[in-house]
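Student: Here it is: the structure, laid out below.
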Amino acid sequence: MAERAEPPRRFQTTRWTLVLAAGDRSSGDAEAALESLCESYWSPVYAFIRRSGHDAESARDLTQSFFLRVMEKDFFSHARPERGRFRSFLLSSVKNFLANERDWARAARRGGGRLPLSLEVHTAERTYQIDAADDVTPDRLYERRWALAVIGAALARLEQQYDTAGKRDHFARLKPFLTGDEPASYAELATASGATEGALRVAVHRMRQHFATALHETIAETVAQPAEIDEELRYLLGAVSG
């Protein structure tokens, strides 16, 4: 497999840098930073609101209102990395928002505000119905959806790396070995791709190593210190399996 190429990135440091940029309206990166944060983390926010006792329609409207407020106000202006993990900061922000939900909802309706991005709330509701069978608290469900969002972001990062290296089809064939979907047998893949079974096993091993690196990098974007990465990884894997 060719040496992987690093994908282009709009922001070169950490997810906390995005948060700080989002809170600095004098920065030219503020709008793009806000959009990136909203697109990445709306799913766990929706899950938390839904499990907190709101029906699908209310949860959709509240999720929209929350992120609308995030994008219209200086919501992150007081956020600082030293205060801890970004997932904890965001959860606390959502709780504060819900405590004042009537005021925020009325303000959003008066202003007629709409998010300048599309949140896949229908997908979130289908996912929620799967989770609904489990008797978990809103906080635990938020953590689970957060963990899955981080894993999904790591997969997307890895896919972009393979795409940059001209290996999009290669990634698509081997991705089921990462996601737990039923993969084709090595013999079937060898026939379809013209590679040997041994070469495919090596390629899967390398892809898993690359995914571990991508996951490590993605987690690094949500914590304040590098020393917290391994602890956060264990926590997120526990959130998915627990």
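Labels used: A, B, ... for chains in the order of the structure tokens, numbers from 1 for residues in each chain, and numbers from 1 for ligands as shown.
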Applying 7 Å and only C-alpha atoms, which residues near Leu141 of chain A remain after dropping the ones on its own chain fewer than 5 positions away? List them as a PyMOL selection string.
Tutor: chain A and resi 47-48+136
Student: If we count only C-alpha atoms, what is near Ala187 of chain A at a cut-off of 9 Å, once residues fewer than 5 positions away on the same chain are taken out, given as a PyMOL selection string?
Tutor: chain A and resi 192+196-197
Student: Please produce a file of the residues just selected, as a PDB file, in the first residue's frame, where the atoms kept are C-alpha atoms.
Tutor:
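What follows is the written file result_18.pdb:
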```pdb
ATOM      1  CA  ALA A 192     -12.754  -9.463  -7.503  1.00  0.00           C
ATOM      2  CA  THR A 196      -3.778 -12.499  -3.406  1.00  0.00           C
ATOM      3  CA  GLU A 197      -5.484 -13.425  -0.154  1.00  0.00           C
TER       4      GLU A 197
END
```
Student: Set out as JSON lines a contact list for segment 115-176 of chain A and segment 210-220 of chain A with a cut-off of 10 Å, giving each residue of segment 115-176 of chain A that qualifies its closest atom pair and distance in Å to one decimal, counting only C-alpha atoms, ordered by chain and rising residue number.
Tutor:
```
{"residue": "A:Ala147", "atom": "CA", "partner": "A:Ile219", "partner_atom": "CA", "distance": 9.6}
{"residue": "A:Val150", "atom": "CA", "partner": "A:Thr218", "partner_atom": "CA", "distance": 6.7}
{"residue": "A:Ile151", "atom": "CA", "partner": "A:Leu215", "partner_atom": "CA", "distance": 6.6}
{"residue": "A:Gly152", "atom": "CA", "partner": "A:Leu215", "partner_atom": "CA", "distance": 9.1}
{"residue": "A:Ala153", "atom": "CA", "partner": "A:Thr218", "partner_atom": "CA", "distance": 7.0}
{"residue": "A:Ala154", "atom": "CA", "partner": "A:Leu215", "partner_atom": "CA", "distance": 4.9}
{"residue": "A:Leu155", "atom": "CA", "partner": "A:Phe211", "partner_atom": "CA", "distance": 6.9}
{"residue": "A:Ala156", "atom": "CA", "partner": "A:Ala214", "partner_atom": "CA", "distance": 9.1}
{"residue": "A:Arg157", "atom": "CA", "partner": "A:Ala214", "partner_atom": "CA", "distance": 6.5}
{"residue": "A:Leu158", "atom": "CA", "partner": "A:Ala214", "partner_atom": "CA", "distance": 6.2}
{"residue": "A:Glu159", "atom": "CA", "partner": "A:Phe211", "partner_atom": "CA", "distance": 9.4}
{"residue": "A:Gln161", "atom": "CA", "partner": "A:His210", "partner_atom": "CA", "distance": 9.5}
```
Student: Atoms to include: N, CA and C atoms. Write the selected residues as a PDB file, in the first residue's frame.
Tutor:
```pdb
ATOM      1  N   ALA A 147     -19.600   9.027  21.308  1.00  0.00           N
ATOM      2  CA  ALA A 147     -18.557   8.068  20.950  1.00  0.00           C
ATOM      3  C   ALA A 147     -18.703   7.614  19.506  1.00  0.00           C
ATOM      4  N   VAL A 150     -17.570  10.319  17.151  1.00  0.00           N
ATOM      5  CA  VAL A 150     -16.110  10.398  17.065  1.00  0.00           C
ATOM      6  C   VAL A 150     -15.570   9.280  16.176  1.00  0.00           C
ATOM      7  N   ILE A 151     -16.106   8.065  16.341  1.00  0.00           N
ATOM      8  CA  ILE A 151     -15.673   6.947  15.507  1.00  0.00           C
ATOM      9  C   ILE A 151     -16.012   7.215  14.039  1.00  0.00           C
ATOM     10  N   GLY A 152     -17.217   7.759  13.805  1.00  0.00           N
ATOM     11  CA  GLY A 152     -17.601   8.100  12.443  1.00  0.00           C
ATOM     12  C   GLY A 152     -16.692   9.154  11.842  1.00  0.00           C
ATOM     13  N   ALA A 153     -16.288  10.132  12.647  1.00  0.00           N
ATOM     14  CA  ALA A 153     -15.376  11.173  12.163  1.00  0.00           C
ATOM     15  C   ALA A 153     -14.013  10.575  11.828  1.00  0.00           C
ATOM     16  N   ALA A 154     -13.568   9.612  12.626  1.00  0.00           N
ATOM     17  CA  ALA A 154     -12.286   8.950  12.351  1.00  0.00           C
ATOM     18  C   ALA A 154     -12.358   8.145  11.060  1.00  0.00           C
ATOM     19  N   LEU A 155     -13.487   7.475  10.838  1.00  0.00           N
ATOM     20  CA  LEU A 155     -13.674   6.737   9.579  1.00  0.00           C
ATOM     21  C   LEU A 155     -13.663   7.685   8.379  1.00  0.00           C
ATOM     22  N   ALA A 156     -14.329   8.828   8.529  1.00  0.00           N
ATOM     23  CA  ALA A 156     -14.360   9.808   7.444  1.00  0.00           C
ATOM     24  C   ALA A 156     -12.962  10.354   7.172  1.00  0.00           C
ATOM     25  N   ARG A 157     -12.198  10.564   8.225  1.00  0.00           N
ATOM     26  CA  ARG A 157     -10.820  11.047   8.071  1.00  0.00           C
ATOM     27  C   ARG A 157      -9.987  10.010   7.302  1.00  0.00           C
ATOM     28  N   LEU A 158     -10.157   8.741   7.683  1.00  0.00           N
ATOM     29  CA  LEU A 158      -9.411   7.675   7.027  1.00  0.00           C
ATOM     30  C   LEU A 158      -9.820   7.535   5.556  1.00  0.00           C
ATOM     31  N   GLU A 159     -11.126   7.621   5.299  1.00  0.00           N
ATOM     32  CA  GLU A 159     -11.605   7.524   3.921  1.00  0.00           C
ATOM     33  C   GLU A 159     -11.016   8.633   3.069  1.00  0.00           C
ATOM     34  N   GLN A 161      -8.182  10.089   3.501  1.00  0.00           N
ATOM     35  CA  GLN A 161      -6.778   9.778   3.273  1.00  0.00           C
ATOM     36  C   GLN A 161      -6.609   8.777   2.128  1.00  0.00           C
TER      37      GLN A 161
END
```
Student: Which of these, A:Val204, A:Leu98, A:Leu178, A:Leu236, has the shortest distance to Ala149 of chain A once you count only C-alpha atoms?
Tutor: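 Of A:Val204, A:Leu98, A:Leu178, A:Leu236, the one nearest Ala149 of chain A is A:Leu236, counting only C-alpha atoms.
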